[in-house]
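model.cif (mmCIF, N, CA, C and O atoms)
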data_run
loop_
_atom_site.label_atom_id
_atom_site.label_comp_id
_atom_site.auth_asym_id
_atom_site.auth_seq_id
_atom_site.Cartn_x
_atom_site.Cartn_y
_atom_site.Cartn_z
N MET A 1 -17.90 62.78 152.14
CA MET A 1 -18.00 61.38 152.56
C MET A 1 -16.61 60.94 153.01
O MET A 1 -15.65 61.00 152.25
N GLY A 2 -16.49 60.47 154.24
CA GLY A 2 -15.22 60.04 154.78
C GLY A 2 -14.86 58.64 154.35
O GLY A 2 -15.64 57.93 153.72
N SER A 3 -13.64 58.26 154.68
CA SER A 3 -13.15 56.93 154.34
C SER A 3 -14.00 55.84 154.97
O SER A 3 -14.29 54.82 154.36
N SER A 4 -14.42 56.08 156.20
CA SER A 4 -15.24 55.10 156.91
C SER A 4 -16.59 54.90 156.22
O SER A 4 -17.08 53.77 156.13
N ASP A 5 -17.17 55.98 155.73
CA ASP A 5 -18.44 55.88 155.01
C ASP A 5 -18.28 55.07 153.72
O ASP A 5 -19.15 54.27 153.37
N GLY A 6 -17.18 55.27 153.02
CA GLY A 6 -16.92 54.53 151.80
C GLY A 6 -16.75 53.05 152.05
O GLY A 6 -17.26 52.21 151.31
N VAL A 7 -16.04 52.72 153.12
CA VAL A 7 -15.83 51.32 153.47
C VAL A 7 -17.16 50.69 153.86
O VAL A 7 -17.48 49.57 153.44
N THR A 8 -17.95 51.39 154.65
CA THR A 8 -19.25 50.88 155.07
C THR A 8 -20.14 50.64 153.86
O THR A 8 -20.79 49.60 153.75
N ARG A 9 -20.17 51.57 152.94
CA ARG A 9 -20.98 51.43 151.73
C ARG A 9 -20.50 50.25 150.89
O ARG A 9 -21.29 49.47 150.37
N PHE A 10 -19.18 50.09 150.76
CA PHE A 10 -18.60 48.99 149.99
C PHE A 10 -18.97 47.64 150.60
O PHE A 10 -19.41 46.73 149.90
N VAL A 11 -18.79 47.52 151.92
CA VAL A 11 -19.11 46.26 152.60
C VAL A 11 -20.60 45.95 152.47
O VAL A 11 -20.98 44.80 152.20
N THR A 12 -21.44 46.94 152.63
CA THR A 12 -22.88 46.73 152.51
C THR A 12 -23.25 46.32 151.09
O THR A 12 -24.07 45.42 150.89
N THR A 13 -22.65 46.94 150.09
CA THR A 13 -22.92 46.58 148.69
C THR A 13 -22.48 45.15 148.39
O THR A 13 -23.23 44.38 147.78
N MET A 14 -21.28 44.80 148.83
CA MET A 14 -20.79 43.43 148.61
C MET A 14 -21.68 42.41 149.31
O MET A 14 -21.97 41.35 148.77
N MET A 15 -22.10 42.75 150.52
CA MET A 15 -22.99 41.86 151.26
C MET A 15 -24.31 41.68 150.50
O MET A 15 -24.82 40.56 150.39
N GLY A 16 -24.83 42.75 149.94
CA GLY A 16 -26.06 42.65 149.16
C GLY A 16 -25.90 41.78 147.92
O GLY A 16 -26.78 40.98 147.59
N ILE A 17 -24.77 41.92 147.25
CA ILE A 17 -24.52 41.10 146.06
C ILE A 17 -24.41 39.63 146.43
O ILE A 17 -25.00 38.77 145.77
N VAL A 18 -23.66 39.34 147.49
CA VAL A 18 -23.51 37.94 147.92
C VAL A 18 -24.85 37.36 148.34
O VAL A 18 -25.19 36.22 147.98
N ILE A 19 -25.64 38.12 149.07
CA ILE A 19 -26.97 37.65 149.49
C ILE A 19 -27.84 37.37 148.27
O ILE A 19 -28.51 36.34 148.19
N GLY A 20 -27.84 38.28 147.31
CA GLY A 20 -28.65 38.10 146.11
C GLY A 20 -28.26 36.87 145.31
O GLY A 20 -29.12 36.07 144.90
N LEU A 21 -26.96 36.68 145.11
CA LEU A 21 -26.50 35.51 144.36
C LEU A 21 -26.79 34.21 145.11
O LEU A 21 -27.18 33.21 144.51
N THR A 22 -26.60 34.24 146.42
CA THR A 22 -26.89 33.05 147.23
C THR A 22 -28.38 32.72 147.18
O THR A 22 -28.76 31.55 147.07
N PHE A 23 -29.21 33.74 147.24
CA PHE A 23 -30.66 33.53 147.17
C PHE A 23 -31.04 32.89 145.83
O PHE A 23 -31.80 31.92 145.79
N LEU A 24 -30.49 33.42 144.74
CA LEU A 24 -30.81 32.86 143.42
C LEU A 24 -30.33 31.42 143.29
O LEU A 24 -31.04 30.57 142.75
N PHE A 25 -29.14 31.13 143.77
CA PHE A 25 -28.60 29.77 143.72
C PHE A 25 -29.48 28.82 144.54
O PHE A 25 -29.88 27.75 144.06
N GLY A 26 -29.78 29.21 145.78
CA GLY A 26 -30.61 28.37 146.63
C GLY A 26 -32.02 28.20 146.08
O GLY A 26 -32.59 27.10 146.12
N PHE A 27 -32.58 29.27 145.54
CA PHE A 27 -33.92 29.20 144.98
C PHE A 27 -33.97 28.19 143.84
O PHE A 27 -34.86 27.34 143.77
N GLY A 28 -32.99 28.27 142.95
CA GLY A 28 -32.95 27.34 141.82
C GLY A 28 -32.81 25.90 142.26
O GLY A 28 -33.48 25.00 141.74
N ASN A 29 -31.94 25.66 143.22
CA ASN A 29 -31.72 24.28 143.70
C ASN A 29 -32.96 23.72 144.40
O ASN A 29 -33.35 22.59 144.14
N VAL A 30 -33.54 24.50 145.28
CA VAL A 30 -34.72 24.01 146.02
C VAL A 30 -35.91 23.85 145.08
O VAL A 30 -36.68 22.90 145.20
N LEU A 31 -36.06 24.76 144.13
CA LEU A 31 -37.15 24.64 143.16
C LEU A 31 -37.00 23.36 142.35
O LEU A 31 -37.96 22.60 142.19
N ALA A 32 -35.79 23.10 141.86
CA ALA A 32 -35.56 21.88 141.08
C ALA A 32 -35.81 20.63 141.93
O ALA A 32 -36.43 19.67 141.46
N LEU A 33 -35.35 20.65 143.17
CA LEU A 33 -35.56 19.51 144.06
C LEU A 33 -37.05 19.31 144.34
O LEU A 33 -37.56 18.18 144.29
N ALA A 34 -37.75 20.38 144.62
CA ALA A 34 -39.19 20.28 144.91
C ALA A 34 -39.95 19.70 143.71
O ALA A 34 -40.81 18.83 143.88
N LEU A 35 -39.63 20.17 142.53
CA LEU A 35 -40.30 19.64 141.33
C LEU A 35 -39.93 18.17 141.10
O LEU A 35 -40.78 17.38 140.71
N ARG A 36 -38.68 17.82 141.38
CA ARG A 36 -38.23 16.44 141.18
C ARG A 36 -38.92 15.46 142.14
O ARG A 36 -39.21 14.33 141.78
N ILE A 37 -39.22 15.91 143.36
CA ILE A 37 -39.86 15.01 144.32
C ILE A 37 -41.38 15.06 144.25
O ILE A 37 -42.05 14.40 145.04
N GLY A 38 -41.92 15.83 143.33
CA GLY A 38 -43.35 15.79 143.10
C GLY A 38 -44.17 16.89 143.73
O GLY A 38 -45.40 16.79 143.78
N VAL A 39 -43.55 17.95 144.22
CA VAL A 39 -44.31 19.08 144.76
C VAL A 39 -45.00 19.76 143.58
O VAL A 39 -44.38 19.96 142.53
N PRO A 40 -46.28 20.08 143.70
CA PRO A 40 -46.98 20.72 142.58
C PRO A 40 -46.26 21.98 142.11
O PRO A 40 -45.68 22.72 142.91
N ALA A 41 -46.29 22.22 140.82
CA ALA A 41 -45.55 23.32 140.21
C ALA A 41 -45.97 24.69 140.75
O ALA A 41 -45.16 25.62 140.78
N TYR A 42 -47.21 24.84 141.19
CA TYR A 42 -47.65 26.13 141.71
C TYR A 42 -47.23 26.34 143.16
O TYR A 42 -47.26 27.45 143.68
N VAL A 43 -46.81 25.27 143.87
CA VAL A 43 -46.39 25.37 145.26
C VAL A 43 -44.86 25.46 145.36
O VAL A 43 -44.33 26.14 146.24
N ALA A 44 -44.15 24.79 144.46
CA ALA A 44 -42.68 24.72 144.53
C ALA A 44 -42.00 26.09 144.62
O ALA A 44 -41.09 26.26 145.43
N PRO A 45 -42.42 27.09 143.86
CA PRO A 45 -41.76 28.40 143.99
C PRO A 45 -42.01 29.08 145.34
O PRO A 45 -41.27 29.96 145.74
N LEU A 46 -43.06 28.66 146.03
CA LEU A 46 -43.33 29.23 147.35
C LEU A 46 -42.49 28.58 148.44
O LEU A 46 -42.13 29.21 149.43
N VAL A 47 -42.17 27.31 148.25
CA VAL A 47 -41.37 26.57 149.23
C VAL A 47 -39.92 27.01 149.16
O VAL A 47 -39.25 27.16 150.18
N ALA A 48 -39.44 27.22 147.96
CA ALA A 48 -38.02 27.49 147.74
C ALA A 48 -37.47 28.68 148.55
O ALA A 48 -36.44 28.55 149.19
N PRO A 49 -38.11 29.83 148.56
CA PRO A 49 -37.47 30.97 149.23
C PRO A 49 -37.72 31.09 150.72
O PRO A 49 -37.19 32.00 151.35
N ALA A 50 -38.48 30.19 151.33
CA ALA A 50 -38.86 30.36 152.73
C ALA A 50 -37.65 30.52 153.65
O ALA A 50 -37.54 31.49 154.40
N LEU A 51 -36.73 29.58 153.64
CA LEU A 51 -35.57 29.65 154.52
C LEU A 51 -34.61 30.74 154.05
O LEU A 51 -34.02 31.44 154.87
N ASP A 52 -34.48 30.91 152.75
CA ASP A 52 -33.58 31.95 152.24
C ASP A 52 -34.04 33.34 152.68
O ASP A 52 -33.22 34.19 153.00
N LEU A 53 -35.33 33.57 152.69
CA LEU A 53 -35.84 34.87 153.12
C LEU A 53 -35.61 35.08 154.61
O LEU A 53 -35.38 36.22 155.05
N THR A 54 -35.64 34.00 155.39
CA THR A 54 -35.33 34.10 156.81
C THR A 54 -33.88 34.55 156.99
O THR A 54 -33.58 35.47 157.76
N VAL A 55 -32.96 33.89 156.28
CA VAL A 55 -31.55 34.25 156.36
C VAL A 55 -31.34 35.68 155.87
O VAL A 55 -30.63 36.47 156.50
N LEU A 56 -31.96 36.04 154.77
CA LEU A 56 -31.84 37.39 154.23
C LEU A 56 -32.31 38.43 155.25
O LEU A 56 -31.63 39.43 155.50
N GLY A 57 -33.47 38.21 155.82
CA GLY A 57 -34.01 39.15 156.81
C GLY A 57 -33.10 39.30 158.02
O GLY A 57 -32.88 40.41 158.52
N LEU A 58 -32.55 38.18 158.47
CA LEU A 58 -31.64 38.23 159.62
C LEU A 58 -30.32 38.93 159.28
O LEU A 58 -29.80 39.70 160.08
N LEU A 59 -29.80 38.68 158.08
CA LEU A 59 -28.56 39.36 157.68
C LEU A 59 -28.76 40.87 157.59
O LEU A 59 -27.97 41.65 158.12
N VAL A 60 -29.81 41.26 156.92
CA VAL A 60 -30.08 42.69 156.76
C VAL A 60 -30.41 43.32 158.11
O VAL A 60 -29.93 44.41 158.44
N GLY A 61 -31.21 42.63 158.91
CA GLY A 61 -31.60 43.16 160.22
C GLY A 61 -30.43 43.32 161.16
O GLY A 61 -30.28 44.37 161.81
N THR A 62 -29.57 42.31 161.26
CA THR A 62 -28.43 42.42 162.16
C THR A 62 -27.44 43.47 161.66
O THR A 62 -26.84 44.19 162.47
N ARG A 63 -27.28 43.58 160.35
CA ARG A 63 -26.40 44.61 159.80
C ARG A 63 -26.93 46.00 160.14
O ARG A 63 -26.19 46.89 160.55
N HIS A 64 -28.22 46.19 159.98
CA HIS A 64 -28.84 47.48 160.29
C HIS A 64 -28.67 47.81 161.77
O HIS A 64 -28.31 48.94 162.13
N LEU A 65 -28.95 46.84 162.62
CA LEU A 65 -28.82 47.07 164.06
C LEU A 65 -27.38 47.39 164.45
O LEU A 65 -27.12 48.30 165.24
N ALA A 66 -26.43 46.63 163.88
CA ALA A 66 -25.02 46.87 164.21
C ALA A 66 -24.57 48.25 163.75
O ALA A 66 -23.83 48.93 164.45
N MET A 67 -25.03 48.66 162.56
CA MET A 67 -24.63 49.98 162.05
C MET A 67 -25.23 51.12 162.85
O MET A 67 -24.71 52.23 162.83
N HIS A 68 -26.32 50.86 163.55
CA HIS A 68 -26.97 51.90 164.33
C HIS A 68 -26.70 51.77 165.82
O HIS A 68 -27.45 52.29 166.65
N GLY A 69 -25.65 51.02 166.17
CA GLY A 69 -25.18 50.99 167.55
C GLY A 69 -25.97 50.12 168.51
O GLY A 69 -25.97 50.41 169.71
N ALA A 70 -26.62 49.08 168.04
CA ALA A 70 -27.36 48.20 168.94
C ALA A 70 -26.38 47.48 169.87
O ALA A 70 -25.29 47.07 169.44
N PRO A 71 -26.75 47.29 171.12
CA PRO A 71 -25.86 46.60 172.05
C PRO A 71 -25.77 45.10 171.72
O PRO A 71 -26.64 44.54 171.07
N GLU A 72 -24.71 44.47 172.21
CA GLU A 72 -24.47 43.05 171.95
C GLU A 72 -25.61 42.19 172.48
O GLU A 72 -25.93 41.14 171.91
N THR A 73 -26.28 42.62 173.54
CA THR A 73 -27.39 41.83 174.10
C THR A 73 -28.56 41.75 173.13
O THR A 73 -29.35 40.82 173.19
N VAL A 74 -28.68 42.70 172.23
CA VAL A 74 -29.72 42.67 171.21
C VAL A 74 -29.27 41.84 170.01
O VAL A 74 -30.06 41.10 169.43
N LEU A 75 -28.00 41.98 169.64
CA LEU A 75 -27.49 41.30 168.45
C LEU A 75 -27.27 39.80 168.66
O LEU A 75 -27.43 39.02 167.73
N ARG A 76 -26.91 39.39 169.86
CA ARG A 76 -26.56 37.99 170.11
C ARG A 76 -27.68 37.02 169.75
O ARG A 76 -27.43 36.04 169.02
N PRO A 77 -28.94 37.21 170.18
CA PRO A 77 -30.00 36.26 169.80
C PRO A 77 -30.25 36.21 168.30
O PRO A 77 -30.49 35.14 167.74
N ALA A 78 -30.18 37.37 167.65
CA ALA A 78 -30.39 37.40 166.19
C ALA A 78 -29.27 36.65 165.47
O ALA A 78 -29.52 35.93 164.51
N ARG A 79 -28.06 36.79 165.95
CA ARG A 79 -26.93 36.09 165.33
C ARG A 79 -27.03 34.59 165.57
O ARG A 79 -26.67 33.80 164.70
N ARG A 80 -27.53 34.18 166.73
CA ARG A 80 -27.72 32.74 166.99
C ARG A 80 -28.78 32.17 166.05
O ARG A 80 -28.61 31.08 165.50
N LEU A 81 -29.87 32.89 165.87
CA LEU A 81 -30.92 32.43 164.95
C LEU A 81 -30.39 32.40 163.52
O LEU A 81 -30.68 31.47 162.76
N LEU A 82 -29.57 33.38 163.16
CA LEU A 82 -28.96 33.40 161.83
C LEU A 82 -28.05 32.19 161.65
O LEU A 82 -28.07 31.55 160.59
N LEU A 83 -27.29 31.84 162.66
CA LEU A 83 -26.42 30.67 162.58
C LEU A 83 -27.25 29.40 162.40
O LEU A 83 -26.92 28.54 161.58
N ALA A 84 -28.34 29.29 163.14
CA ALA A 84 -29.21 28.10 163.02
C ALA A 84 -29.85 28.02 161.64
O ALA A 84 -29.90 26.96 161.01
N ALA A 85 -30.34 29.15 161.14
CA ALA A 85 -30.97 29.17 159.81
C ALA A 85 -29.95 28.89 158.72
O ALA A 85 -30.24 28.18 157.75
N SER A 86 -28.75 29.41 158.88
CA SER A 86 -27.69 29.15 157.89
C SER A 86 -27.30 27.69 157.88
O SER A 86 -27.09 27.10 156.83
N THR A 87 -27.23 27.09 159.07
CA THR A 87 -26.93 25.67 159.16
C THR A 87 -28.01 24.84 158.49
O THR A 87 -27.72 23.88 157.76
N ALA A 88 -29.27 25.21 158.71
CA ALA A 88 -30.38 24.50 158.07
C ALA A 88 -30.32 24.66 156.56
O ALA A 88 -30.62 23.72 155.81
N THR A 89 -29.92 25.82 156.09
CA THR A 89 -29.80 26.06 154.65
C THR A 89 -28.72 25.14 154.07
O THR A 89 -28.91 24.55 152.99
N LEU A 90 -27.60 25.04 154.75
CA LEU A 90 -26.52 24.18 154.25
C LEU A 90 -26.88 22.71 154.30
O LEU A 90 -26.43 21.92 153.47
N ALA A 91 -27.69 22.33 155.30
CA ALA A 91 -28.09 20.92 155.42
C ALA A 91 -29.02 20.56 154.29
O ALA A 91 -29.01 19.50 153.74
#
Is it possible to express this structure as structure tokens?
Amino acid sequence: MGSSDGVTRFVTTMMGIVIGLTFLFGFGNVLALALRIGVPAYVAPLVAPALDLTVLGLLVGTRHLAMHGAPETVLRPARRLLLAASTATLA
């Protein structure tokens, strides 16, 4: 395993940890908010991860494409959608 492979594995692992922690934080906040505003308890857990799963899918997908040599014309629309979804998450 070369140095480049180790760095790639490290960055991918750190990215996975950050995504997981962010998902848990967002899930907890949205779940609490949904319950506080009166969303039924059986629906609230379904609402919470919707946007987070979009961001997760885009992060993993763009990372996979970039690692496998996808051209910028393929990555650019996915990154724009990721930026929009991330902005919506922060809002």
I want to know what sits within 8 Å of A:Ala44, based on only C-alpha atoms, with residues of the same chain fewer than 3 positions away left out; could you give that as a compact mmCIF listing (two decimals) with N, CA, C and O atoms, in the coordinates of the input?
# COMPACT_ATOMS: atom_id res chain seq x y z
N LEU A 31 -36.06 24.76 144.13
CA LEU A 31 -37.15 24.64 143.16
C LEU A 31 -37.00 23.36 142.35
O LEU A 31 -37.96 22.60 142.19
N ALA A 34 -37.75 20.38 144.62
CA ALA A 34 -39.19 20.28 144.91
C ALA A 34 -39.95 19.70 143.71
O ALA A 34 -40.81 18.83 143.88
N LEU A 35 -39.63 20.17 142.53
CA LEU A 35 -40.30 19.64 141.33
C LEU A 35 -39.93 18.17 141.10
O LEU A 35 -40.78 17.38 140.71
N VAL A 39 -43.55 17.95 144.22
CA VAL A 39 -44.31 19.08 144.76
C VAL A 39 -45.00 19.76 143.58
O VAL A 39 -44.38 19.96 142.53
N PRO A 40 -46.28 20.08 143.70
CA PRO A 40 -46.98 20.72 142.58
C PRO A 40 -46.26 21.98 142.11
O PRO A 40 -45.68 22.72 142.91
N ALA A 41 -46.29 22.22 140.82
CA ALA A 41 -45.55 23.32 140.21
C ALA A 41 -45.97 24.69 140.75
O ALA A 41 -45.16 25.62 140.78
N VAL A 47 -42.17 27.31 148.25
CA VAL A 47 -41.37 26.57 149.23
C VAL A 47 -39.92 27.01 149.16
O VAL A 47 -39.25 27.16 150.18
N ALA A 48 -39.44 27.22 147.96
CA ALA A 48 -38.02 27.49 147.74
C ALA A 48 -37.47 28.68 148.55
O ALA A 48 -36.44 28.55 149.19
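Across A:Leu82, A:Gly20, A:Ile37, A:Phe27, the tightest approach to A:Ala50 is made by A:Phe27 when counting all atoms listed in the file.
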**Request:** Enter the distance from atom CA of A:Leu58 to atom CA of A:Arg80, in Å, rounded to one decimal.
**Result:** 10.0 Å
**Item:** Explicit residues for the PyMOL selection byres (((chain A and resi 19 and name CA) around 10) and name CA) (as a PyMOL selection string)
**Value:** chain A and resi 13-18+20-25+52-53+55-56+59-60
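Put simply, atom C of A:Leu65 is 21.7 Å away from atom O of A:Ser86.
Closest approach to A:Gly26 among A:Ser4, A:Phe10, A:Pro49, A:Leu75: A:Pro49, based on all atoms listed in the file.
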Which centre and edge lengths in Å to one decimal define the box along x, y and z that fits every listed atom of stretch 1-13 of chain A plus 3 Å per side, as JSON?
{"center_x": -18.6, "center_y": 53.6, "center_z": 152.3, "size_x": 16.9, "size_y": 24.4, "size_z": 15.1}
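Atom CA of A:Arg63 is found 14.1 Å from atom O of A:Leu81.
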